[in-house]
>>> print(open('start-v7.cif').read())   # mmCIF, C-alpha atoms
data_coords
#
loop_
_atom_site.group_PDB
_atom_site.id
_atom_site.type_symbol
_atom_site.label_atom_id
_atom_site.label_comp_id
_atom_site.auth_asym_id
_atom_site.auth_seq_id
_atom_site.Cartn_x
_atom_site.Cartn_y
_atom_site.Cartn_z
ATOM 1 C CA MET A 1 -9.213 6.320 16.134
ATOM 2 C CA ASN A 2 -6.990 6.224 13.068
ATOM 3 C CA PRO A 3 -8.532 7.553 9.851
ATOM 4 C CA LEU A 4 -9.733 4.827 7.491
ATOM 5 C CA ALA A 5 -9.021 4.146 3.834
ATOM 6 C CA PHE A 6 -9.276 1.339 1.323
ATOM 7 C CA SER A 7 -7.516 0.228 -1.833
ATOM 8 C CA THR A 8 -9.212 0.174 -5.211
ATOM 9 C CA LEU A 9 -7.830 -3.365 -5.482
ATOM 10 C CA GLY A 10 -11.201 -4.278 -3.983
ATOM 11 C CA MET A 11 -13.128 -2.526 -6.768
ATOM 12 C CA PRO A 12 -11.352 -3.510 -9.997
ATOM 13 C CA GLY A 13 -12.351 -1.325 -12.916
ATOM 14 C CA ALA A 14 -14.569 0.956 -10.792
ATOM 15 C CA SER A 15 -15.024 4.600 -11.720
ATOM 16 C CA ALA A 16 -13.971 7.502 -9.538
ATOM 17 C CA ASP A 17 -17.609 8.196 -8.691
ATOM 18 C CA GLU A 18 -18.164 4.583 -7.591
ATOM 19 C CA VAL A 19 -15.055 4.658 -5.409
ATOM 20 C CA ILE A 20 -16.065 7.965 -3.833
ATOM 21 C CA ALA A 21 -19.584 6.683 -3.122
ATOM 22 C CA THR A 22 -18.128 3.630 -1.362
ATOM 23 C CA ALA A 23 -15.773 5.785 0.695
ATOM 24 C CA SER A 24 -18.675 7.971 1.770
ATOM 25 C CA ARG A 25 -20.935 5.022 2.589
ATOM 26 C CA TYR A 26 -18.376 3.368 4.882
ATOM 27 C CA GLY A 27 -16.785 6.414 6.476
ATOM 28 C CA CYS A 28 -13.400 6.245 4.749
ATOM 29 C CA ALA A 29 -11.522 9.519 4.481
ATOM 30 C CA ALA A 30 -9.112 8.306 1.806
ATOM 31 C CA VAL A 31 -8.372 5.726 -0.855
ATOM 32 C CA GLU A 32 -5.314 4.099 -2.337
ATOM 33 C CA LEU A 33 -5.455 4.196 -6.133
ATOM 34 C CA ARG A 34 -3.962 1.281 -8.036
ATOM 35 C CA CYS A 35 -1.880 2.644 -10.887
ATOM 36 C CA ALA A 36 -2.548 0.071 -13.592
ATOM 37 C CA ASP A 37 -4.203 -0.411 -16.956
ATOM 38 C CA GLY A 38 -7.979 -0.424 -16.741
ATOM 39 C CA GLU A 39 -8.035 1.517 -13.466
ATOM 40 C CA ILE A 40 -8.782 5.170 -12.663
ATOM 41 C CA VAL A 41 -5.130 6.025 -13.264
ATOM 42 C CA SER A 42 -2.292 4.229 -15.016
ATOM 43 C CA PRO A 43 1.324 5.114 -15.794
ATOM 44 C CA GLU A 44 0.099 6.442 -19.175
ATOM 45 C CA THR A 45 -2.637 8.746 -17.841
ATOM 46 C CA SER A 46 -2.185 12.240 -19.246
ATOM 47 C CA PRO A 47 -1.479 15.255 -17.015
ATOM 48 C CA GLY A 48 -4.879 16.727 -17.859
ATOM 49 C CA ASP A 49 -6.702 13.542 -16.928
ATOM 50 C CA LEU A 50 -4.722 13.277 -13.696
ATOM 51 C CA ARG A 51 -5.755 16.821 -12.759
ATOM 52 C CA ALA A 52 -9.383 15.954 -13.498
ATOM 53 C CA VAL A 53 -9.185 12.898 -11.216
ATOM 54 C CA ALA A 54 -7.609 15.031 -8.497
ATOM 55 C CA ARG A 55 -10.406 17.594 -8.763
ATOM 56 C CA THR A 56 -13.080 14.896 -8.561
ATOM 57 C CA PHE A 57 -11.702 13.385 -5.351
ATOM 58 C CA ALA A 58 -10.941 16.775 -3.796
ATOM 59 C CA ALA A 59 -14.481 18.012 -4.466
ATOM 60 C CA ALA A 60 -15.808 14.953 -2.653
ATOM 61 C CA GLY A 61 -13.454 15.453 0.292
ATOM 62 C CA VAL A 62 -11.759 12.073 -0.233
ATOM 63 C CA GLU A 63 -7.958 12.045 -0.045
ATOM 64 C CA ILE A 64 -5.847 9.938 -2.376
ATOM 65 C CA VAL A 65 -3.461 8.703 0.284
ATOM 66 C CA ALA A 66 -1.278 6.567 -1.983
ATOM 67 C CA VAL A 67 -0.580 5.793 -5.604
ATOM 68 C CA CYS A 68 0.077 2.062 -5.685
ATOM 69 C CA SER A 69 2.682 1.250 -8.296
ATOM 70 C CA TYR A 70 3.746 -2.256 -9.255
ATOM 71 C CA THR A 71 7.405 -1.371 -9.606
ATOM 72 C CA ARG A 72 9.830 -3.820 -8.012
ATOM 73 C CA VAL A 73 12.759 -1.585 -7.194
ATOM 74 C CA ALA A 74 15.318 -4.398 -6.837
ATOM 75 C CA ARG A 75 14.445 -6.311 -9.998
ATOM 76 C CA PRO A 76 17.427 -6.994 -12.261
ATOM 77 C CA ASP A 77 15.914 -5.700 -15.516
ATOM 78 C CA GLY A 78 14.536 -2.415 -16.816
ATOM 79 C CA ASP A 79 14.798 0.994 -15.162
ATOM 80 C CA PRO A 80 12.950 0.833 -11.832
ATOM 81 C CA VAL A 81 14.254 4.241 -10.747
ATOM 82 C CA ALA A 82 12.643 5.943 -13.746
ATOM 83 C CA GLU A 83 9.412 4.030 -13.093
ATOM 84 C CA VAL A 84 9.290 5.164 -9.473
ATOM 85 C CA LEU A 85 9.951 8.778 -10.453
ATOM 86 C CA ARG A 86 7.141 8.597 -13.015
ATOM 87 C CA HIS A 87 4.764 7.441 -10.281
ATOM 88 C CA VAL A 88 5.989 10.304 -8.099
ATOM 89 C CA GLU A 89 4.921 12.697 -10.881
ATOM 90 C CA ILE A 90 1.510 11.012 -10.952
ATOM 91 C CA ALA A 91 1.150 11.279 -7.186
ATOM 92 C CA GLU A 92 2.075 14.957 -7.274
ATOM 93 C CA ALA A 93 -0.585 15.626 -9.916
ATOM 94 C CA LEU A 94 -3.151 13.786 -7.784
ATOM 95 C CA GLY A 95 -2.171 15.534 -4.554
ATOM 96 C CA SER A 96 -1.160 12.214 -2.989
ATOM 97 C CA PRO A 97 1.619 12.048 -0.383
ATOM 98 C CA TYR A 98 2.827 8.499 -1.093
ATOM 99 C CA VAL A 99 3.912 6.147 -3.857
ATOM 100 C CA ARG A 100 3.921 2.440 -2.967
ATOM 101 C CA VAL A 101 6.700 0.252 -4.380
ATOM 102 C CA PHE A 102 7.609 -3.424 -4.101
ATOM 103 C CA GLY A 103 10.973 -5.119 -3.624
ATOM 104 C CA GLY A 104 12.353 -7.664 -6.067
ATOM 105 C CA VAL A 105 11.877 -11.064 -7.649
ATOM 106 C CA GLU A 106 12.407 -14.477 -6.118
ATOM 107 C CA GLY A 107 15.809 -16.016 -6.705
ATOM 108 C CA GLN A 108 17.713 -12.879 -7.617
ATOM 109 C CA ASP A 109 21.108 -12.192 -6.074
ATOM 110 C CA ASP A 110 21.358 -9.582 -3.291
ATOM 111 C CA PRO A 111 17.941 -7.935 -3.626
ATOM 112 C CA ALA A 112 18.563 -5.854 -0.488
ATOM 113 C CA VAL A 113 21.706 -4.363 -2.033
ATOM 114 C CA ALA A 114 19.862 -3.524 -5.243
ATOM 115 C CA ALA A 115 16.848 -2.084 -3.427
ATOM 116 C CA THR A 116 19.009 0.062 -1.167
ATOM 117 C CA ARG A 117 21.004 1.449 -4.090
ATOM 118 C CA ARG A 118 17.968 2.155 -6.233
ATOM 119 C CA LEU A 119 15.925 3.757 -3.455
ATOM 120 C CA ALA A 120 18.900 5.910 -2.462
ATOM 121 C CA GLU A 121 19.053 7.110 -6.080
ATOM 122 C CA VAL A 122 15.324 7.793 -6.027
ATOM 123 C CA ALA A 123 15.713 9.779 -2.807
ATOM 124 C CA ASP A 124 18.490 11.861 -4.342
ATOM 125 C CA ARG A 125 16.345 12.652 -7.392
ATOM 126 C CA LEU A 126 13.008 13.317 -5.698
ATOM 127 C CA PRO A 127 11.701 16.817 -6.325
ATOM 128 C CA ASP A 128 10.585 18.932 -3.392
ATOM 129 C CA ASN A 129 6.940 18.134 -4.057
ATOM 130 C CA GLY A 130 5.688 16.513 -0.847
ATOM 131 C CA VAL A 131 5.593 12.986 -2.294
ATOM 132 C CA ASP A 132 7.474 10.222 -0.482
ATOM 133 C CA VAL A 133 8.121 6.620 -1.517
ATOM 134 C CA LEU A 134 7.045 3.663 0.624
ATOM 135 C CA LEU A 135 8.522 0.168 0.400
ATOM 136 C CA GLU A 136 5.898 -2.463 1.232
ATOM 137 C CA THR A 137 6.386 -5.660 3.209
ATOM 138 C CA HIS A 138 6.042 -7.875 0.141
ATOM 139 C CA ASP A 139 7.778 -10.395 -2.170
ATOM 140 C CA VAL A 140 11.476 -10.771 -1.237
ATOM 141 C CA PHE A 141 11.063 -8.370 1.712
ATOM 142 C CA LEU A 142 8.172 -9.950 3.604
ATOM 143 C CA THR A 143 9.214 -8.904 7.107
ATOM 144 C CA GLY A 144 9.636 -5.673 8.981
ATOM 145 C CA GLU A 145 13.224 -6.705 9.638
ATOM 146 C CA ALA A 146 13.934 -6.959 5.914
ATOM 147 C CA ILE A 147 12.289 -3.621 5.120
ATOM 148 C CA ALA A 148 14.042 -1.864 8.004
ATOM 149 C CA GLY A 149 17.397 -3.177 6.819
ATOM 150 C CA VAL A 150 16.885 -1.627 3.389
ATOM 151 C CA LEU A 151 15.551 1.671 4.717
ATOM 152 C CA ALA A 152 18.381 2.041 7.220
ATOM 153 C CA GLY A 153 20.783 1.740 4.298
ATOM 154 C CA VAL A 154 18.858 4.307 2.263
ATOM 155 C CA GLY A 155 18.888 6.766 5.155
ATOM 156 C CA SER A 156 16.382 9.230 3.706
ATOM 157 C CA PRO A 157 13.249 10.674 5.335
ATOM 158 C CA ARG A 158 11.685 10.638 1.857
ATOM 159 C CA VAL A 159 11.658 6.824 1.751
ATOM 160 C CA GLY A 160 9.574 4.992 4.348
ATOM 161 C CA ALA A 161 7.691 1.771 5.052
ATOM 162 C CA LEU A 162 4.247 0.407 4.285
ATOM 163 C CA TRP A 163 3.171 -2.470 6.530
ATOM 164 C CA ASP A 164 0.979 -5.010 4.735
ATOM 165 C CA VAL A 165 -0.008 -6.978 7.828
ATOM 166 C CA VAL A 166 -0.396 -10.394 6.177
ATOM 167 C CA ASN A 167 3.125 -10.754 4.825
ATOM 168 C CA PRO A 168 5.276 -10.504 7.977
ATOM 169 C CA TRP A 169 2.755 -12.774 9.715
ATOM 170 C CA ARG A 170 2.994 -15.462 7.045
ATOM 171 C CA ALA A 171 6.784 -15.215 7.231
ATOM 172 C CA GLY A 172 6.638 -15.966 10.969
ATOM 173 C CA GLU A 173 7.420 -12.488 12.314
ATOM 174 C CA SER A 174 5.270 -11.425 15.267
ATOM 175 C CA ALA A 175 3.210 -8.249 15.113
ATOM 176 C CA ALA A 176 5.227 -6.859 18.020
ATOM 177 C CA ALA A 177 8.511 -7.480 16.198
ATOM 178 C CA THR A 178 7.207 -5.932 12.978
ATOM 179 C CA ALA A 179 5.936 -2.890 14.840
ATOM 180 C CA ASP A 180 9.237 -2.395 16.643
ATOM 181 C CA THR A 181 11.420 -2.725 13.554
ATOM 182 C CA LEU A 182 9.216 -0.552 11.341
ATOM 183 C CA ALA A 183 8.407 2.120 13.934
ATOM 184 C CA PRO A 184 11.082 4.610 12.778
ATOM 185 C CA TYR A 185 9.953 4.313 9.152
ATOM 186 C CA LEU A 186 6.229 3.528 9.243
ATOM 187 C CA ARG A 187 3.949 5.824 7.229
ATOM 188 C CA HIS A 188 1.039 3.654 6.106
ATOM 189 C CA VAL A 189 -0.662 0.362 7.036
ATOM 190 C CA GLN A 190 -2.742 -2.066 4.978
ATOM 191 C CA ILE A 191 -5.102 -4.274 6.955
ATOM 192 C CA LYS A 192 -6.284 -7.636 5.658
ATOM 193 C CA ASP A 193 -6.840 -11.158 6.943
ATOM 194 C CA ALA A 194 -6.203 -14.725 5.777
ATOM 195 C CA ALA A 195 -7.084 -18.250 6.854
ATOM 196 C CA THR A 196 -3.530 -19.642 7.041
ATOM 197 C CA PRO A 197 -0.024 -18.540 5.981
ATOM 198 C CA THR A 198 -0.434 -20.564 2.775
ATOM 199 C CA GLU A 199 -4.106 -19.794 2.019
ATOM 200 C CA LEU A 200 -4.159 -16.140 1.052
ATOM 201 C CA ALA A 201 -7.644 -15.752 -0.409
ATOM 202 C CA PRO A 202 -9.340 -12.777 1.283
ATOM 203 C CA VAL A 203 -11.032 -13.434 4.606
ATOM 204 C CA LEU A 204 -13.249 -10.771 6.166
ATOM 205 C CA PRO A 205 -11.126 -8.678 8.553
ATOM 206 C CA GLY A 206 -11.098 -10.083 12.078
ATOM 207 C CA ARG A 207 -12.332 -13.513 10.983
ATOM 208 C CA GLY A 208 -9.060 -15.040 9.849
ATOM 209 C CA ALA A 209 -5.869 -16.111 11.599
ATOM 210 C CA VAL A 210 -3.717 -12.999 11.181
ATOM 211 C CA GLY A 211 -4.803 -11.533 14.507
ATOM 212 C CA VAL A 212 -5.915 -8.113 13.325
ATOM 213 C CA PRO A 213 -6.858 -6.899 16.851
ATOM 214 C CA GLY A 214 -3.337 -7.725 17.999
ATOM 215 C CA VAL A 215 -1.852 -5.775 15.105
ATOM 216 C CA LEU A 216 -4.024 -2.791 16.012
ATOM 217 C CA ALA A 217 -2.827 -3.009 19.607
ATOM 218 C CA GLU A 218 0.790 -2.952 18.463
ATOM 219 C CA LEU A 219 0.126 0.069 16.280
ATOM 220 C CA ASP A 220 -1.359 1.849 19.286
ATOM 221 C CA ARG A 221 1.682 0.883 21.343
ATOM 222 C CA ILE A 222 4.128 2.503 18.923
ATOM 223 C CA GLY A 223 1.932 5.584 18.515
ATOM 224 C CA TYR A 224 1.041 5.089 14.864
ATOM 225 C CA SER A 225 -1.461 7.788 13.866
ATOM 226 C CA GLY A 226 -1.712 7.338 10.093
ATOM 227 C CA TYR A 227 -4.312 5.687 7.923
ATOM 228 C CA LEU A 228 -5.523 2.122 8.317
ATOM 229 C CA ALA A 229 -6.340 0.976 4.789
ATOM 230 C CA LEU A 230 -8.345 -2.119 3.950
ATOM 231 C CA GLU A 231 -6.679 -4.042 1.139
ATOM 232 C CA TRP A 232 -9.399 -6.328 -0.208
ATOM 233 C CA GLU A 233 -7.885 -8.342 -3.062
ATOM 234 C CA ARG A 234 -10.978 -8.850 -5.183
ATOM 235 C CA ALA A 235 -8.986 -8.075 -8.331
ATOM 236 C CA TRP A 236 -7.024 -11.288 -7.754
ATOM 237 C CA TYR A 237 -9.888 -13.254 -6.163
ATOM 238 C CA PRO A 238 -13.067 -12.305 -8.065
ATOM 239 C CA ASP A 239 -15.183 -14.756 -6.041
ATOM 240 C CA ALA A 240 -14.473 -12.810 -2.841
ATOM 241 C CA PRO A 241 -17.462 -10.952 -1.362
ATOM 242 C CA PRO A 242 -18.041 -7.362 -2.537
ATOM 243 C CA ILE A 243 -15.934 -4.707 -0.914
ATOM 244 C CA GLY A 244 -18.921 -3.387 1.018
ATOM 245 C CA GLU A 245 -19.031 -6.553 3.111
ATOM 246 C CA ALA A 246 -15.312 -6.299 3.754
ATOM 247 C CA LEU A 247 -15.535 -2.640 4.757
ATOM 248 C CA ALA A 248 -18.408 -3.387 7.144
ATOM 249 C CA ALA A 249 -16.324 -6.131 8.793
ATOM 250 C CA PHE A 250 -13.308 -3.807 8.799
ATOM 251 C CA ARG A 251 -15.221 -1.154 10.710
ATOM 252 C CA GLU A 252 -16.581 -3.790 13.076
ATOM 253 C CA VAL A 253 -13.158 -5.129 14.048
ATOM 254 C CA LEU A 254 -11.782 -1.593 14.465
ATOM 255 C CA GLY A 255 -14.653 -0.701 16.767
ATOM 256 C CA ARG A 256 -14.128 -3.575 19.188
#
>>> encode(input="start-v7.cif", output="structure tokens")
Amino acid sequence: MNPLAFSTLGMPGASADEVIATASRYGCAAVELRCADGEIVSPETSPGDLRAVARTFAAAGVEIVAVCSYTRVARPDGDPVAEVLRHVEIAEALGSPYVRVFGGVEGQDDPAVAATRRLAEVADRLPDNGVDVLLETHDVFLTGEAIAGVLAGVGSPRVGALWDVVNPWRAGESAAATADTLAPYLRHVQIKDAATPTELAPVLPGRGAVGVPGVLAELDRIGYSGYLALEWERAWYPDAPPIGEALAAFREVLGR
């Protein structure tokens, strides 16, 4: 069985101790930490505070599997490369192997060209610190095909893929096709469920229309051995059930 994790997106504003207690209660070996204001870490967190967070999670035996940035690497404004590299510094301080990044903004010209160029620059500037960057199936790159096209152009083992299972599905790409196209690049998987491709409020895993068991079967087929992370979007949908209910359903669907 793949090791389990969850995102702190499901526990907005929670403390490190609360997150660790939830991980222990539901048998999760790791967490994804949102890097945002009001959360355990943000882009402005000091080096000393980052080291303290790292010590707290390490003492509890809970890995920080990813630092989830909100940088859109293809966006036409700002300095996304510098933002990504800052999150890489944060991940290094936390002992995390991955930084999550997004793609671009709707309506921009040639987002794949911009994302490829920027991620190639990131790859060239990454220190030898064990932290890699993962481009998520999201925004202008919803499908495995889109992500694979960018990553093939980047051509670096330091830049891989994160499969958010809802987004390729809502774009009409089958789980088998996503698995096949992402297989050479896949490092991390976020599991969630939804009622329809246009109704994205959280649904308990295995009780929506995404077909989570089918996704799990495809991951087995391609030999994926990394974390399965529940992404429970309670930060965006505060009326969603508490994360404990979602984690219980998550474990139930994984055990079938």
>>> closest_atom_pairs(input="start-v7.cif", of="region 94-164 of chain A", to="region 168-184 of chain A", cutoff="10 Å", atoms="all atoms listed in the file", output="Markdown table")
| residue | atom | partner | partner_atom | distance |
| --- | --- | --- | --- | --- |
| A:Thr137 | CA | A:Pro168 | CA | 6.9 |
| A:His138 | CA | A:Pro168 | CA | 8.3 |
| A:Phe141 | CA | A:Pro168 | CA | 8.8 |
| A:Leu142 | CA | A:Pro168 | CA | 5.3 |
| A:Thr143 | CA | A:Pro168 | CA | 4.3 |
| A:Gly144 | CA | A:Thr178 | CA | 4.7 |
| A:Glu145 | CA | A:Thr181 | CA | 5.9 |
| A:Ala146 | CA | A:Thr181 | CA | 9.1 |
| A:Ile147 | CA | A:Leu182 | CA | 7.6 |
| A:Ala148 | CA | A:Leu182 | CA | 6.0 |
| A:Gly149 | CA | A:Thr181 | CA | 9.0 |
| A:Leu151 | CA | A:Leu182 | CA | 9.4 |
| A:Ala152 | CA | A:Pro184 | CA | 9.5 |
| A:Pro157 | CA | A:Pro184 | CA | 9.8 |
| A:Gly160 | CA | A:Pro184 | CA | 8.6 |
| A:Ala161 | CA | A:Leu182 | CA | 6.9 |
| A:Leu162 | CA | A:Leu182 | CA | 8.7 |
| A:Trp163 | CA | A:Leu182 | CA | 8.0 |
| A:Asp164 | CA | A:Pro168 | CA | 7.7 |
>>> resolve_selection(input="start-v7.cif", expression="the PyMOL selection byres ((chain A and resi 80) around 12)", output="list in words")
Ser69, Tyr70, Thr71, Arg72, Val73, Ala74, Arg75, Pro76, Asp77, Gly78, Asp79, Val81, Ala82, Glu83, Val84, Leu85, Arg86, His87, Val101, Phe102, Gly103, Gly104, Ala114, Ala115, Arg117, Arg118, Leu119, Glu121 and Val122 of chain A
>>> residues_near_point(input="start-v7.cif", point="(-2.1, 15.9, -4.5)", cutoff="12 Å", atoms="all atoms listed in the file", output="PyMOL selection string")
chain A and resi 50-58+62-67+88-99+129-132
>>> atom_distance(input="start-v7.cif", atom1="CA of Ala30 (chain A)", atom2="CA of Gly244 (chain A)")
15.3 Å
>>> resolve_selection(input="start-v7.cif", expression="the PyMOL selection byres ((chain A and resi 235) around 10)", output="mmCIF file with C-alpha atoms, in the coordinates of the input")
data_model
loop_
_atom_site.group_PDB
_atom_site.id
_atom_site.type_symbol
_atom_site.label_atom_id
_atom_site.label_comp_id
_atom_site.auth_asym_id
_atom_site.auth_seq_id
_atom_site.Cartn_x
_atom_site.Cartn_y
_atom_site.Cartn_z
ATOM 1 C CA THR A 8 -9.212 0.174 -5.211
ATOM 2 C CA LEU A 9 -7.830 -3.365 -5.482
ATOM 3 C CA GLY A 10 -11.201 -4.278 -3.983
ATOM 4 C CA MET A 11 -13.128 -2.526 -6.768
ATOM 5 C CA PRO A 12 -11.352 -3.510 -9.997
ATOM 6 C CA GLY A 13 -12.351 -1.325 -12.916
ATOM 7 C CA TRP A 232 -9.399 -6.328 -0.208
ATOM 8 C CA GLU A 233 -7.885 -8.342 -3.062
ATOM 9 C CA ARG A 234 -10.978 -8.850 -5.183
ATOM 10 C CA TRP A 236 -7.024 -11.288 -7.754
ATOM 11 C CA TYR A 237 -9.888 -13.254 -6.163
ATOM 12 C CA PRO A 238 -13.067 -12.305 -8.065
ATOM 13 C CA ASP A 239 -15.183 -14.756 -6.041
ATOM 14 C CA ALA A 240 -14.473 -12.810 -2.841
#
>>> closest_residue(input="start-v7.cif", among="A:Gly223, A:Gln108, A:Ala209, A:Met1", to="Arg256 (chain A)", atoms="all atoms listed in the file")
A:Met1
>>> closest_residue(input="start-v7.cif", among="A:Leu126, A:Ala195, A:Ala59, A:Leu219", to="Asp17 (chain A)", atoms="all atoms listed in the file")
A:Ala59
>>> closest_residue(input="start-v7.cif", among="A:Val166, A:Arg125, A:Asp49, A:Gly153", to="Asp139 (chain A)", atoms="all atoms listed in the file")
A:Val166
>>> resolve_selection(input="start-v7.cif", expression="the PyMOL selection byres ((chain A and resi 230) around 9)", output="list in words")
Leu4, Ala5, Phe6, Ser7, Gly10, Val189, Gln190, Ile191, Lys192, Pro205, Leu228, Ala229, Glu231, Trp232, Ala246, Leu247 and Phe250 of chain A
>>> residues_around(input="start-v7.cif", residues="Gly208 (chain A)", least_positions_apart="5", cutoff="6 Å", atoms="all atoms listed in the file", output="list in words")
Asp193, Ala194, Ala195 and Val203 of chain A
>>> write_last_selection(input="start-v7.cif", atoms="C-alpha atoms", output="CSV table (one decimal), in the frame of the given file")
chain,number,residue,atom,x,y,z
A,193,ASP,CA,-6.8,-11.2,6.9
A,194,ALA,CA,-6.2,-14.7,5.8
A,195,ALA,CA,-7.1,-18.2,6.9
A,203,VAL,CA,-11.0,-13.4,4.6
>>> atom_distance(input="start-v7.cif", atom1="CA of Arg251 (chain A)", atom2="CA of Tyr26 (chain A)")
8.0 Å
>>> axis_aligned_box(input="start-v7.cif", around="region 150-160 of chain A", padding_each_side="8 Å", output="lines of an AutoDock Vina configuration file")
center_x = 15.2
center_y = 4.5
center_z = 4.5
size_x = 27.2
size_y = 28.3
size_z = 21.5
>>> closest_residue(input="start-v7.cif", among="A:Gly48, A:Pro202, A:Gly214, A:Pro3", to="Glu245 (chain A)", atoms="all atoms listed in the file")
A:Pro202
>>> residues_around(input="start-v7.cif", residues="Cys68 (chain A)", least_positions_apart="6", cutoff="6 Å", atoms="all atoms listed in the file", output="list in words")
Leu33, Arg34, Cys35, Val99 and Arg100 of chain A
>>> residues_around(input="start-v7.cif", residues="Leu254 (chain A)", least_positions_apart="5", cutoff="9 Å", atoms="all atoms listed in the file", output="list in words")
Met1, Gly206, Val212, Pro213, Leu216 and Ala249 of chain A
>>> atom_distance(input="start-v7.cif", atom1="CA of Val253 (chain A)", atom2="CA of Leu204 (chain A)")
9.7 Å
>>> closest_residue(input="start-v7.cif", among="A:Val150, A:Leu200, A:Val133, A:Val140", to="Thr116 (chain A)", atoms="only C-alpha atoms")
A:Val150
